[in-house]
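Trainee: Structure file start38.txt (compact mmCIF, C-alpha atoms (C1' of nucleotides)) is given on the next line.
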```
# COMPACT_ATOMS: atom_id res chain seq x y z
CA MET A 660 59.32 89.93 117.16
CA THR A 661 57.63 90.20 113.79
CA SER A 662 54.31 90.82 115.41
CA PRO A 663 51.69 89.34 113.11
CA HIS A 664 49.01 91.92 113.80
CA ARG A 665 50.25 94.63 111.50
CA ARG A 666 48.99 95.87 108.27
CA ALA A 667 50.70 94.33 105.29
CA ASP A 668 52.21 97.62 104.13
CA ALA A 669 53.63 98.28 107.58
CA MET A 670 55.32 94.92 107.66
CA GLU A 671 56.80 95.45 104.26
CA ASN A 672 58.06 98.89 105.17
CA ARG A 673 59.68 97.49 108.24
CA ALA A 674 61.41 94.78 106.25
CA ASN A 675 62.57 97.29 103.67
CA ILE A 676 64.03 99.53 106.32
CA ILE A 677 66.00 96.69 107.85
CA GLN A 678 67.18 95.56 104.46
CA ALA A 679 68.27 99.08 103.51
CA ALA A 680 70.13 99.56 106.76
CA ARG A 681 71.86 96.23 106.40
CA SER A 682 73.06 96.92 102.88
CA MET A 683 74.22 100.41 103.78
CA LEU A 684 76.24 99.16 106.71
CA ARG A 685 78.09 96.86 104.38
CA THR A 686 79.66 99.75 102.54
CA ALA A 687 79.79 102.61 105.00
CA GLU A 688 80.60 102.66 108.67
CA GLU A 689 78.12 105.32 109.56
CA LEU A 690 74.42 105.15 109.11
CA LYS A 691 72.42 108.23 108.27
CA LEU A 692 68.84 107.64 109.20
CA ASN A 693 67.35 109.90 106.56
CA ALA A 694 69.37 108.06 103.97
CA VAL A 695 68.07 104.74 105.23
CA ALA A 696 64.51 105.96 104.92
CA LYS A 697 65.17 107.20 101.42
CA GLN A 698 66.78 103.99 100.23
CA ALA A 699 64.01 101.99 101.85
CA GLY A 700 61.49 104.11 99.98
CA VAL A 701 59.67 105.32 103.07
CA GLY A 702 59.22 108.65 104.78
CA GLN A 703 61.45 109.53 107.70
CA GLY A 704 58.49 109.39 110.03
CA THR A 705 57.90 105.79 109.10
CA LEU A 706 61.39 104.89 110.10
CA TYR A 707 60.85 106.49 113.49
CA ARG A 708 57.53 104.77 113.92
CA HIS A 709 59.15 101.39 113.50
CA PHE A 710 62.40 102.13 115.25
CA PRO A 711 62.13 104.88 117.84
CA SER A 712 65.85 104.92 118.43
CA ARG A 713 68.85 104.23 116.25
CA GLU A 714 69.77 101.40 118.59
CA ASP A 715 66.45 99.70 117.99
CA LEU A 716 67.18 99.63 114.30
CA LEU A 717 70.73 98.38 114.68
CA ALA A 718 69.69 95.74 117.15
CA GLU A 719 67.19 94.38 114.68
CA VAL A 720 69.68 94.44 111.83
CA TYR A 721 72.07 92.27 113.79
CA ARG A 722 69.68 90.07 115.64
CA GLN A 723 70.32 87.16 113.32
CA ASP A 724 74.08 87.45 113.58
CA VAL A 725 73.87 87.65 117.32
CA ASN A 726 71.64 84.63 117.37
CA GLU A 727 74.24 82.59 115.54
CA LEU A 728 76.89 83.65 117.97
CA VAL A 729 74.67 82.70 120.84
CA ALA A 730 73.77 79.33 119.41
CA THR A 731 77.42 78.39 119.12
CA ALA A 732 78.05 78.34 122.86
CA PRO A 733 76.10 75.21 123.79
CA ALA A 734 77.29 73.48 120.63
CA LEU A 735 80.91 74.09 121.55
CA LEU A 736 80.35 72.93 125.09
CA ALA A 737 78.89 69.69 123.84
CA ALA A 738 81.99 68.97 121.81
CA HIS A 739 84.86 70.31 123.92
CA GLU A 740 86.29 70.81 127.36
CA PRO A 741 84.97 74.05 128.87
CA LEU A 742 88.24 75.93 128.51
CA THR A 743 88.57 74.89 124.89
CA ALA A 744 84.95 75.78 124.26
CA LEU A 745 85.53 79.25 125.62
CA ALA A 746 88.64 79.65 123.49
CA ARG A 747 86.74 78.62 120.37
CA TRP A 748 83.90 80.93 121.21
CA PHE A 749 86.34 83.79 121.51
CA ASP A 750 87.60 82.94 118.05
CA GLN A 751 84.06 83.02 116.77
CA VAL A 752 83.45 86.42 118.27
CA ALA A 753 86.71 87.69 116.82
CA ASP A 754 85.65 86.52 113.37
CA TYR A 755 82.34 88.20 113.76
CA ALA A 756 83.92 91.42 114.92
CA ARG A 757 86.30 91.28 112.01
CA VAL A 758 83.64 90.92 109.37
CA LYS A 759 81.27 93.35 111.01
CA HIS A 760 83.76 95.97 111.89
CA GLY A 761 81.56 98.84 110.87
CA VAL A 762 78.80 97.28 112.81
CA PHE A 763 80.62 97.11 116.00
CA ALA A 764 81.64 100.70 115.75
CA ALA A 765 78.07 101.77 115.15
CA VAL A 766 76.54 99.39 117.62
CA GLU A 767 79.10 99.66 120.34
CA ALA A 768 77.20 101.89 122.68
CA ALA A 769 74.06 100.15 121.61
CA VAL A 770 73.56 96.43 121.25
CA TRP A 771 76.94 95.09 122.15
CA GLN A 772 77.50 97.23 125.17
CA ASP A 773 73.86 97.38 126.02
CA LEU A 774 73.10 93.71 125.90
CA SER A 775 75.32 93.23 128.87
CA ALA A 776 74.93 96.60 130.49
CA HIS A 777 71.57 95.32 131.60
CA SER A 778 73.66 92.36 132.67
CA ARG A 779 71.32 90.31 130.54
CA GLY A 780 70.74 89.54 126.92
CA PRO A 781 71.53 86.55 124.79
CA ILE A 782 75.26 87.19 124.52
CA GLY A 783 75.48 87.41 128.27
CA ASP A 784 73.60 84.17 128.61
CA ALA A 785 75.85 82.38 126.17
CA LEU A 786 78.92 83.59 128.01
CA THR A 787 77.52 82.68 131.38
CA LEU A 788 76.97 79.18 130.16
CA LEU A 789 80.57 78.89 129.06
CA LEU A 790 81.92 80.44 132.23
CA ASP A 791 79.84 78.28 134.53
CA SER A 792 81.11 75.16 132.86
CA GLY A 793 84.68 76.28 133.23
CA LYS A 794 84.17 77.15 136.88
CA ALA A 795 82.54 73.79 137.50
CA ASP A 796 85.47 71.82 136.18
CA GLY A 797 87.98 74.09 137.87
CA SER A 798 89.64 75.46 134.78
CA LEU A 799 88.34 79.03 135.23
CA ARG A 800 88.58 81.34 138.18
CA PRO A 801 85.29 81.56 140.04
CA ASP A 802 85.23 85.35 140.38
CA VAL A 803 84.37 86.33 136.82
CA ASP A 804 81.05 86.92 135.18
CA ALA A 805 79.83 87.56 131.66
CA ARG A 806 80.04 91.31 131.98
CA ASP A 807 83.70 91.07 132.95
CA VAL A 808 84.50 89.15 129.83
CA ILE A 809 82.44 91.42 127.61
CA LEU A 810 84.48 94.35 128.88
CA LEU A 811 87.77 92.57 128.42
CA ILE A 812 87.14 91.56 124.84
CA GLY A 813 85.56 94.88 123.94
CA TYR A 814 88.75 95.91 122.18
CA LEU A 815 87.56 93.76 119.30
CA SER A 816 85.19 96.54 118.43
CA ARG A 817 87.93 99.11 118.26
CA ILE A 818 90.43 97.62 115.88
CA ASP A 819 90.38 97.46 112.12
CA ALA A 820 90.97 94.46 109.88
CA ALA A 821 94.73 94.83 109.72
CA GLU A 822 95.13 95.12 113.44
CA SER A 823 92.69 92.31 113.96
CA ASP A 824 94.97 90.02 111.97
CA ALA A 825 97.94 91.13 113.95
CA ARG A 826 96.52 91.15 117.43
CA ALA A 827 92.99 89.91 117.97
CA ARG A 828 93.71 86.25 118.60
CA HIS A 829 96.89 86.93 120.48
CA LEU A 830 95.02 89.18 122.84
CA LEU A 831 92.27 86.64 123.30
CA THR A 832 94.94 84.23 124.48
CA ILE A 833 96.09 86.70 127.07
CA VAL A 834 92.56 87.26 128.26
CA LEU A 835 92.04 83.53 128.45
CA ASP A 836 95.16 83.15 130.54
CA GLY A 837 93.88 85.83 132.85
CA LEU A 838 90.62 83.97 133.23
CA ARG A 839 92.32 80.71 134.13
CA ARG A 840 92.20 79.56 137.69
CA ARG A 841 95.46 80.32 139.40
CA ASP A 842 96.98 77.81 141.73
CA MET B 1108 103.88 123.71 122.55
CA THR B 1109 102.96 127.21 123.69
CA SER B 1110 104.82 128.73 120.81
CA PRO B 1111 106.14 132.07 122.02
CA HIS B 1112 105.81 133.92 118.74
CA ARG B 1113 102.14 134.74 118.89
CA ARG B 1114 100.36 137.92 119.44
CA ALA B 1115 99.35 138.44 123.03
CA ASP B 1116 95.64 138.37 122.26
CA ALA B 1117 96.00 135.11 120.39
CA MET B 1118 97.75 133.48 123.30
CA GLU B 1119 95.10 134.66 125.69
CA ASN B 1120 92.32 133.43 123.45
CA ARG B 1121 93.98 130.09 123.24
CA ALA B 1122 94.27 129.84 126.99
CA ASN B 1123 90.66 130.89 127.42
CA ILE B 1124 89.47 128.24 124.99
CA ILE B 1125 91.34 125.51 126.81
CA GLN B 1126 90.06 126.74 130.14
CA ALA B 1127 86.49 126.85 128.89
CA ALA B 1128 86.70 123.37 127.43
CA ARG B 1129 88.19 122.01 130.62
CA SER B 1130 85.50 123.47 132.82
CA MET B 1131 82.73 122.32 130.51
CA LEU B 1132 84.02 118.78 130.45
CA ARG B 1133 83.79 118.71 134.20
CA THR B 1134 80.04 118.99 134.13
CA ALA B 1135 78.95 117.54 130.82
CA GLU B 1136 80.18 114.54 128.92
CA GLU B 1137 79.78 116.07 125.52
CA LEU B 1138 81.52 119.13 124.26
CA LYS B 1139 79.80 121.46 121.85
CA LEU B 1140 82.40 123.48 120.06
CA ASN B 1141 80.24 126.52 119.50
CA ALA B 1142 79.45 126.53 123.19
CA VAL B 1143 83.13 126.39 124.05
CA ALA B 1144 83.80 129.39 121.84
CA LYS B 1145 80.97 131.28 123.44
CA GLN B 1146 82.04 130.55 126.99
CA ALA B 1147 85.62 131.39 126.09
CA GLY B 1148 84.39 134.70 124.71
CA VAL B 1149 85.77 134.18 121.22
CA GLY B 1150 84.29 133.69 117.79
CA GLN B 1151 83.88 130.19 116.42
CA GLY B 1152 86.47 130.88 113.78
CA THR B 1153 89.04 131.62 116.46
CA LEU B 1154 88.47 128.25 118.00
CA TYR B 1155 89.07 126.59 114.64
CA ARG B 1156 92.15 128.65 114.03
CA HIS B 1157 93.71 127.41 117.23
CA PHE B 1158 92.38 123.89 117.13
CA PRO B 1159 91.64 122.65 113.63
CA SER B 1160 90.05 119.48 114.93
CA ARG B 1161 88.15 118.58 118.04
CA GLU B 1162 90.89 116.10 118.88
CA ASP B 1163 93.48 118.83 118.89
CA LEU B 1164 91.50 120.68 121.49
CA LEU B 1165 90.90 117.65 123.67
CA ALA B 1166 94.51 116.59 123.43
CA GLU B 1167 95.61 119.95 124.70
CA VAL B 1168 93.07 119.95 127.51
CA TYR B 1169 94.41 116.68 128.81
CA ARG B 1170 98.05 117.05 128.06
CA GLN B 1171 98.86 117.85 131.65
CA ASP B 1172 96.95 114.87 132.99
CA VAL B 1173 98.59 112.58 130.51
CA ASN B 1174 101.97 113.95 131.48
CA GLU B 1175 101.37 113.03 135.09
CA LEU B 1176 100.38 109.55 134.12
CA VAL B 1177 103.48 109.20 132.03
CA ALA B 1178 105.79 110.52 134.70
CA THR B 1179 104.55 107.91 137.16
CA ALA B 1180 105.97 104.97 135.25
CA PRO B 1181 109.68 105.53 135.89
CA ALA B 1182 108.95 106.58 139.45
CA LEU B 1183 107.13 103.34 140.13
CA LEU B 1184 109.88 101.30 138.55
CA ALA B 1185 112.44 102.93 140.77
CA ALA B 1186 110.54 101.88 143.87
CA HIS B 1187 109.07 98.48 143.02
CA GLU B 1188 109.55 95.19 141.27
CA PRO B 1189 108.47 95.45 137.63
CA LEU B 1190 105.28 93.43 138.08
CA THR B 1191 104.28 95.49 141.08
CA ALA B 1192 105.11 98.67 139.22
CA LEU B 1193 102.86 97.65 136.38
CA ALA B 1194 100.07 96.79 138.78
CA ARG B 1195 100.37 100.18 140.48
CA TRP B 1196 100.43 101.93 137.15
CA PHE B 1197 97.23 100.17 136.19
CA ASP B 1198 95.68 101.47 139.39
CA GLN B 1199 96.79 104.95 138.51
CA VAL B 1200 95.22 104.71 135.07
CA ALA B 1201 92.03 103.36 136.56
CA ASP B 1202 91.85 106.31 138.94
CA TYR B 1203 92.39 108.66 136.10
CA ALA B 1204 89.76 107.01 133.97
CA ARG B 1205 87.36 107.14 136.87
CA VAL B 1206 87.74 110.82 137.49
CA LYS B 1207 87.84 111.73 133.85
CA HIS B 1208 85.07 109.50 132.70
CA GLY B 1209 83.54 112.07 130.43
CA VAL B 1210 86.92 112.75 129.07
CA PHE B 1211 87.65 109.27 128.07
CA ALA B 1212 84.37 108.97 126.32
CA ALA B 1213 85.05 112.12 124.38
CA VAL B 1214 88.68 111.44 123.80
CA GLU B 1215 88.50 107.76 123.12
CA ALA B 1216 88.82 107.89 119.37
CA ALA B 1217 91.17 110.77 119.81
CA VAL B 1218 93.98 111.03 122.26
CA TRP B 1219 93.74 107.77 124.09
CA GLN B 1220 93.25 105.56 121.11
CA ASP B 1221 95.30 107.72 118.86
CA LEU B 1222 98.34 108.05 121.03
CA SER B 1223 98.98 104.39 120.59
CA ALA B 1224 97.37 103.87 117.21
CA HIS B 1225 100.46 105.52 115.87
CA SER B 1226 102.15 103.02 118.12
CA ARG B 1227 103.85 105.99 119.66
CA GLY B 1228 103.07 108.76 122.08
CA PRO B 1229 103.95 109.28 125.71
CA ILE B 1230 101.53 106.74 127.13
CA GLY B 1231 102.95 104.10 124.86
CA ASP B 1232 106.44 104.99 125.94
CA ALA B 1233 105.56 104.77 129.60
CA LEU B 1234 103.99 101.39 129.11
CA THR B 1235 106.87 100.10 127.04
CA LEU B 1236 109.19 101.02 129.86
CA LEU B 1237 107.14 99.03 132.32
CA LEU B 1238 106.76 96.07 130.02
CA ASP B 1239 110.43 95.90 129.15
CA SER B 1240 111.37 95.77 132.80
CA GLY B 1241 108.94 92.97 133.43
CA LYS B 1242 110.20 91.00 130.46
CA ALA B 1243 113.78 91.51 131.58
CA ASP B 1244 113.21 90.01 135.01
CA GLY B 1245 111.04 87.24 133.61
CA SER B 1246 107.79 88.19 135.30
CA LEU B 1247 106.01 89.17 132.09
CA ARG B 1248 105.49 87.22 128.90
CA PRO B 1249 107.78 88.47 126.16
CA ASP B 1250 105.14 88.63 123.43
CA VAL B 1251 103.23 91.71 124.52
CA ASP B 1252 103.68 95.33 123.59
CA ALA B 1253 102.23 98.63 124.71
CA ARG B 1254 99.48 98.59 122.13
CA ASP B 1255 98.29 95.20 123.36
CA VAL B 1256 97.93 96.51 126.86
CA ILE B 1257 96.24 99.70 125.73
CA LEU B 1258 93.63 97.61 123.97
CA LEU B 1259 93.13 95.31 126.92
CA ILE B 1260 92.57 98.07 129.44
CA GLY B 1261 90.48 100.13 127.05
CA TYR B 1262 87.36 99.00 128.86
CA LEU B 1263 88.21 101.62 131.46
CA SER B 1264 86.92 104.20 129.06
CA ARG B 1265 83.59 102.49 128.69
CA ILE B 1266 82.38 102.09 132.24
CA ASP B 1267 80.82 104.62 134.56
CA ALA B 1268 81.76 105.40 138.13
CA ALA B 1269 79.55 102.75 139.70
CA GLU B 1270 80.83 100.01 137.49
CA SER B 1271 84.35 101.21 137.92
CA ASP B 1272 84.03 100.66 141.66
CA ALA B 1273 82.63 97.23 141.08
CA ARG B 1274 84.88 95.98 138.34
CA ALA B 1275 87.79 98.13 137.25
CA ARG B 1276 90.43 96.84 139.65
CA HIS B 1277 89.22 93.31 139.53
CA LEU B 1278 89.55 93.32 135.77
CA LEU B 1279 92.99 94.82 135.93
CA THR B 1280 94.00 91.85 138.05
CA ILE B 1281 92.78 89.49 135.38
CA VAL B 1282 94.64 91.38 132.70
CA LEU B 1283 97.76 91.30 134.83
CA ASP B 1284 97.46 87.56 135.24
CA GLY B 1285 97.13 87.23 131.51
CA LEU B 1286 100.30 89.23 131.04
CA ARG B 1287 102.29 87.10 133.42
CA ARG B 1288 104.80 84.72 132.01
CA ARG B 1289 103.39 81.21 131.95
CA ASP B 1290 105.50 78.27 132.95
C1' DA C 69 46.25 102.47 111.52
C1' DC C 70 49.78 103.93 109.03
C1' DC C 71 52.36 106.90 105.83
C1' DT C 72 54.57 111.14 103.79
C1' DG C 73 57.83 114.76 103.62
C1' DA C 74 58.15 119.65 104.66
C1' DA C 75 59.87 121.94 108.44
C1' DC C 76 62.32 122.68 112.65
C1' DA C 77 66.29 122.25 115.69
C1' DC C 78 70.89 121.67 116.39
C1' DC C 79 75.62 121.77 115.68
C1' DG C 80 79.89 121.70 113.09
C1' DT C 81 82.47 124.49 109.81
C1' DT C 82 83.58 128.26 106.67
C1' DC C 83 84.61 132.82 105.14
C1' DA C 84 83.89 137.79 104.05
C1' DA C 85 84.53 141.68 106.54
C1' DG C 86 86.75 143.91 110.15
C1' DT C 87 90.75 145.49 113.47
C1' DA D 716 98.22 138.49 111.97
C1' DC D 717 94.29 137.60 114.11
C1' DC D 718 89.36 138.01 115.26
C1' DT D 719 84.20 138.05 114.67
C1' DG D 720 79.84 136.05 113.85
C1' DA D 721 76.53 135.56 110.14
C1' DA D 722 75.68 132.00 107.13
C1' DC D 723 75.86 127.49 105.18
C1' DA D 724 75.62 122.47 105.41
C1' DC D 725 74.15 118.53 107.43
C1' DC D 726 71.45 115.45 109.91
C1' DG D 727 68.28 113.96 113.48
C1' DT D 728 63.45 114.42 114.80
C1' DT D 729 58.67 115.99 114.75
C1' DC D 730 54.05 116.63 113.17
C1' DA D 731 50.18 118.34 110.27
C1' DA D 732 48.05 116.58 106.51
C1' DG D 733 46.90 112.75 103.90
C1' DT D 734 45.24 107.70 102.67
```
Can the structure from this file be put into structure tokens for me?
Mentor:
Amino acid sequence: MTSPHRRADAMENRANIIQAARSMLRTAEELKLNAVAKQAGVGQGTLYRHFPSREDLLAEVYRQDVNELVATAPALLAAHEPLTALARWFDQVADYARVKHGVFAAVEAAVWQDLSAHSRGPIGDALTLLLDSGKADGSLRPDVDARDVILLIGYLSRIDAAESDARARHLLTIVLDGLRRRD
Amino acid sequence: MTSPHRRADAMENRANIIQAARSMLRTAEELKLNAVAKQAGVGQGTLYRHFPSREDLLAEVYRQDVNELVATAPALLAAHEPLTALARWFDQVADYARVKHGVFAAVEAAVWQDLSAHSRGPIGDALTLLLDSGKADGSLRPDVDARDVILLIGYLSRIDAAESDARARHLLTIVLDGLRRRD
DNA sequence: ACCTGAACACCGTTCAAGT
DNA sequence: ACCTGAACACCGTTCAAGT
């Protein structure tokens, strides 16, 4: 990812851009690319050289967060029944969505949606792992895949903090019930 | 809604703007306001006079469609068990979302989301009617409201035609299972 | 090989002038 | 009372010139 065959200044610029974008997303929901370049201390062209599309930039900004989310899935499976593991993972995602609300709004059409639109990506893999375990032990219905679940929990990206408190976990329960194998 | 105390030219302009917006949304997903004004044969200022915000315009364009959707709820309840009525209504919404895909994308933050963000609006009312019936006869869990369901089926606005064919109804089944009363 | 930033394009929004 | 459209503001994107 951080290809080692770059000039030192290019690598630093790249890091500065990511850092600037990250800090700006903490305060504001929207991300103006020219403003990112300015705060990073680089020309606009440099930003485009490193990140041809806005999505590329956002994806990089959140790669670490996504990685954590992804790493949780096998850990949860090791410690819990599949259905419980899935429930906990949902909680984790809800927390993430809550903290990164601005993120999700900005990234929606990009990373989040995109990762699974290609029906691949790390989040999809993590979910598939959880789902397969649940199918194997009979607690989950067999006719669901990662993309289904991504779509169902996508509402997390469209609610604010207050509504998240009021509804996020409750709704995850409903989704989970829907995913259960019916007798 | 169509306030009768306007000058004739104003009313005609208004109608032309709506008509132009409607026809443009049929072909393209995005809606450029200046382009709407041009195709409607009015100045940009006229568009803003009639519709101060983009949402106002979109809401008006889809008011009729929304009305149809809303009118279906009591009709379905008259003819079916509550759970079946809700299932049929979901189908109806899915059809609508499918046809109006561009719409939903454009309207998402506006009408669709907004109608229920204020926890009111016709769609919310229609849903509440369906949910109350289901709770009354014990087929639905008591701890859900219209906003919950709006959030859960919001994925309909984020999938294209192909994916709608593949997943929309299947996912509605899962949501419906989640809404069922658990024993 | 990479960077800068002026410049262009595009689109939303306003407002002075008109009828 | 309502309309027009030039003009402004804003932001994404490119590219000629530089190191």
Trainee: Listing only residues of chain D within 12 Å of segment 696-716 of chain A, what is the closest atom pair and its distance in Å (to one decimal) for each, using only C-alpha atoms (C1' of nucleotides), sorted by chain and residue number ascending, as JSON lines?
Mentor:
```
{"residue": "D:DC726", "atom": "C1'", "partner": "A:Gln703", "partner_atom": "CA", "distance": 11.8}
{"residue": "D:DG727", "atom": "C1'", "partner": "A:Gln703", "partner_atom": "CA", "distance": 10.0}
{"residue": "D:DT728", "atom": "C1'", "partner": "A:Tyr707", "partner_atom": "CA", "distance": 8.4}
{"residue": "D:DT729", "atom": "C1'", "partner": "A:Gly704", "partner_atom": "CA", "distance": 8.1}
{"residue": "D:DC730", "atom": "C1'", "partner": "A:Gly704", "partner_atom": "CA", "distance": 9.1}
```
Trainee: Using only C-alpha atoms (C1' of nucleotides), which chain C residues lie at most 10 Å away from chain A, written as JSON, numbers by chain?
Mentor: {"C": [69, 70, 71, 72, 73]}
Trainee: With a cut-off of 10 Å and counting all atoms listed in the file, select all residues of chain A in contact with chain B and give the selection as a ChimeraX atom specification.
Mentor: /A:767-768,772,776,800,802-803,806-815,817-818,822,826-827,829-841
Trainee: Would you compute the distance between atom CA of Arg757 of chain A and atom CA of Ala737 of chain A? Give it in Å to one decimal.
Mentor: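 If I compute the distance from atom CA of Arg757 of chain A to atom CA of Ala737 of chain A, I get 25.7 Å.
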Trainee: Rounded to one decimal in Å, what is the spacing between atom CA of Leu1237 of chain B and atom CA of Ser1271 of chain B?
Mentor: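 Going from atom CA of Leu1237 of chain B over to atom CA of Ser1271 of chain B covers 23.6 Å.
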Trainee: Between atom CA of Asp1252 of chain B and atom CA of Asp1202 of chain B, measure the distance and give it in Å to one decimal.
Mentor: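 Between atom CA of Asp1252 of chain B and atom CA of Asp1202 of chain B the gap works out to 22.3 Å.
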Trainee: Taking all atoms listed in the file into account, which of B:Ala1192, B:Ala1186, B:Phe1197, B:Arg1129 comes nearest Ala1166 of chain B?
Mentor: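 Of B:Ala1192, B:Ala1186, B:Phe1197, B:Arg1129, the one nearest Ala1166 of chain B, counting all atoms listed in the file, is B:Arg1129.
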Trainee: Can I get a file of chain D from the given structure, N, CA and C atoms (P, O5', C5', C4', C3', O3' and C1' of nucleotides) kept, as a short mmCIF file (atom, residue, chain, number, x, y, z; two decimals), in the first residue's frame?
Mentor:
```cif
data_model
loop_
_atom_site.label_atom_id
_atom_site.label_comp_id
_atom_site.auth_asym_id
_atom_site.auth_seq_id
_atom_site.Cartn_x
_atom_site.Cartn_y
_atom_site.Cartn_z
P DA D 716 -48.98 42.24 -4.24
"O5'" DA D 716 -48.67 40.94 -5.03
"C5'" DA D 716 -49.58 40.56 -6.07
"C4'" DA D 716 -48.79 39.96 -7.19
"C3'" DA D 716 -47.76 38.90 -6.78
"O3'" DA D 716 -48.19 37.69 -7.35
"C1'" DA D 716 -46.85 40.42 -8.38
P DC D 717 -47.35 36.37 -7.17
"O5'" DC D 717 -46.38 36.42 -8.43
"C5'" DC D 717 -46.95 36.50 -9.72
"C4'" DC D 717 -45.87 36.78 -10.72
"C3'" DC D 717 -44.70 35.80 -10.67
"O3'" DC D 717 -44.78 34.96 -11.81
"C1'" DC D 717 -43.99 38.05 -11.03
P DC D 718 -43.61 33.94 -12.13
"O5'" DC D 718 -42.70 34.84 -13.06
"C5'" DC D 718 -43.21 35.26 -14.32
"C4'" DC D 718 -42.11 35.95 -15.07
"C3'" DC D 718 -40.87 35.08 -15.25
"O3'" DC D 718 -40.66 34.84 -16.64
"C1'" DC D 718 -40.29 37.24 -14.41
P DT D 719 -39.49 33.86 -17.05
"O5'" DT D 719 -38.28 34.86 -17.30
"C5'" DT D 719 -38.46 35.96 -18.18
"C4'" DT D 719 -37.17 36.75 -18.24
"C3'" DT D 719 -35.93 35.89 -18.50
"O3'" DT D 719 -35.30 36.33 -19.68
"C1'" DT D 719 -35.60 37.36 -16.65
P DG D 720 -34.40 35.36 -20.52
"O5'" DG D 720 -32.96 35.72 -19.96
"C5'" DG D 720 -32.51 37.06 -20.00
"C4'" DG D 720 -31.31 37.25 -19.12
"C3'" DG D 720 -30.23 36.16 -19.26
"O3'" DG D 720 -28.97 36.77 -19.06
"C1'" DG D 720 -30.88 36.26 -17.05
P DA D 721 -27.88 36.64 -20.18
"O5'" DA D 721 -26.86 37.75 -19.70
"C5'" DA D 721 -27.32 39.08 -19.44
"C4'" DA D 721 -26.72 39.60 -18.14
"C3'" DA D 721 -25.22 39.32 -17.97
"O3'" DA D 721 -24.62 40.47 -17.35
"C1'" DA D 721 -26.41 38.33 -16.17
P DA D 722 -23.05 40.50 -17.09
"O5'" DA D 722 -22.96 40.01 -15.57
"C5'" DA D 722 -23.72 40.70 -14.59
"C4'" DA D 722 -23.44 40.11 -13.23
"C3'" DA D 722 -21.98 39.70 -13.01
"O3'" DA D 722 -21.57 40.13 -11.73
"C1'" DA D 722 -23.40 37.87 -12.54
P DC D 723 -20.05 40.10 -11.29
"O5'" DC D 723 -20.11 39.25 -9.95
"C5'" DC D 723 -21.16 39.51 -9.02
"C4'" DC D 723 -21.32 38.34 -8.09
"C3'" DC D 723 -20.00 37.76 -7.60
"O3'" DC D 723 -20.01 37.72 -6.18
"C1'" DC D 723 -21.39 36.04 -8.44
P DA D 724 -18.68 37.30 -5.43
"O5'" DA D 724 -19.04 35.83 -4.95
"C5'" DA D 724 -20.39 35.52 -4.60
"C4'" DA D 724 -20.45 34.07 -4.16
"C3'" DA D 724 -19.11 33.56 -3.60
"O3'" DA D 724 -19.38 32.70 -2.51
"C1'" DA D 724 -19.70 32.31 -5.52
P DC D 725 -18.18 32.11 -1.67
"O5'" DC D 725 -18.17 30.59 -2.11
"C5'" DC D 725 -19.40 29.93 -2.37
"C4'" DC D 725 -19.12 28.62 -3.03
"C3'" DC D 725 -17.78 27.99 -2.62
"O3'" DC D 725 -18.03 26.67 -2.21
"C1'" DC D 725 -17.99 28.01 -4.95
P DC D 726 -16.96 25.91 -1.29
"O5'" DC D 726 -16.57 24.70 -2.23
"C5'" DC D 726 -17.61 23.99 -2.90
"C4'" DC D 726 -17.06 23.27 -4.10
"C3'" DC D 726 -15.68 22.62 -3.86
"O3'" DC D 726 -15.75 21.30 -4.33
"C1'" DC D 726 -15.65 23.92 -5.82
P DG D 727 -14.74 20.18 -3.83
"O5'" DG D 727 -14.58 19.26 -5.12
"C5'" DG D 727 -15.72 18.96 -5.89
"C4'" DG D 727 -15.35 18.87 -7.35
"C3'" DG D 727 -14.11 18.02 -7.63
"O3'" DG D 727 -14.39 17.17 -8.73
"C1'" DG D 727 -13.82 20.16 -8.58
P DT D 728 -13.41 15.99 -9.12
"O5'" DT D 728 -12.50 16.68 -10.22
"C5'" DT D 728 -13.13 17.21 -11.38
"C4'" DT D 728 -12.08 17.81 -12.29
"C3'" DT D 728 -10.79 16.98 -12.42
"O3'" DT D 728 -10.62 16.66 -13.78
"C1'" DT D 728 -10.30 19.27 -12.04
P DT D 729 -9.34 15.88 -14.30
"O5'" DT D 729 -8.54 17.03 -15.06
"C5'" DT D 729 -9.26 17.90 -15.90
"C4'" DT D 729 -8.36 18.99 -16.44
"C3'" DT D 729 -7.03 18.49 -17.00
"O3'" DT D 729 -6.77 19.22 -18.19
"C1'" DT D 729 -6.62 20.13 -15.37
P DC D 730 -5.82 18.58 -19.31
"O5'" DC D 730 -4.75 19.75 -19.54
"C5'" DC D 730 -5.00 21.07 -19.05
"C4'" DC D 730 -3.70 21.82 -18.88
"C3'" DC D 730 -2.46 21.10 -19.41
"O3'" DC D 730 -1.51 22.06 -19.81
"C1'" DC D 730 -2.20 21.41 -17.12
P DA D 731 -0.93 22.01 -21.33
"O5'" DA D 731 0.04 23.28 -21.34
"C5'" DA D 731 -0.50 24.56 -21.02
"C4'" DA D 731 0.45 25.34 -20.13
"C3'" DA D 731 1.91 25.31 -20.59
"O3'" DA D 731 2.49 26.59 -20.36
"C1'" DA D 731 1.74 24.43 -18.39
P DA D 732 3.93 26.91 -20.92
"O5'" DA D 732 4.72 27.08 -19.57
"C5'" DA D 732 4.15 27.85 -18.51
"C4'" DA D 732 4.92 27.58 -17.25
"C3'" DA D 732 6.42 27.48 -17.45
"O3'" DA D 732 7.06 28.51 -16.71
"C1'" DA D 732 5.60 25.70 -16.10
P DG D 733 8.56 28.47 -16.29
"O5'" DG D 733 8.28 27.80 -14.89
"C5'" DG D 733 8.88 28.20 -13.74
"C4'" DG D 733 8.92 27.04 -12.78
"C3'" DG D 733 10.34 26.58 -12.44
"O3'" DG D 733 10.70 27.06 -11.16
"C1'" DG D 733 8.81 24.74 -12.69
P DT D 734 12.23 27.17 -10.86
"O5'" DT D 734 12.51 25.76 -10.18
"C5'" DT D 734 11.91 25.44 -8.93
"C4'" DT D 734 12.30 24.00 -8.59
"C3'" DT D 734 13.76 23.70 -8.87
"O3'" DT D 734 14.52 23.92 -7.67
"C1'" DT D 734 12.30 21.92 -9.58
#
```
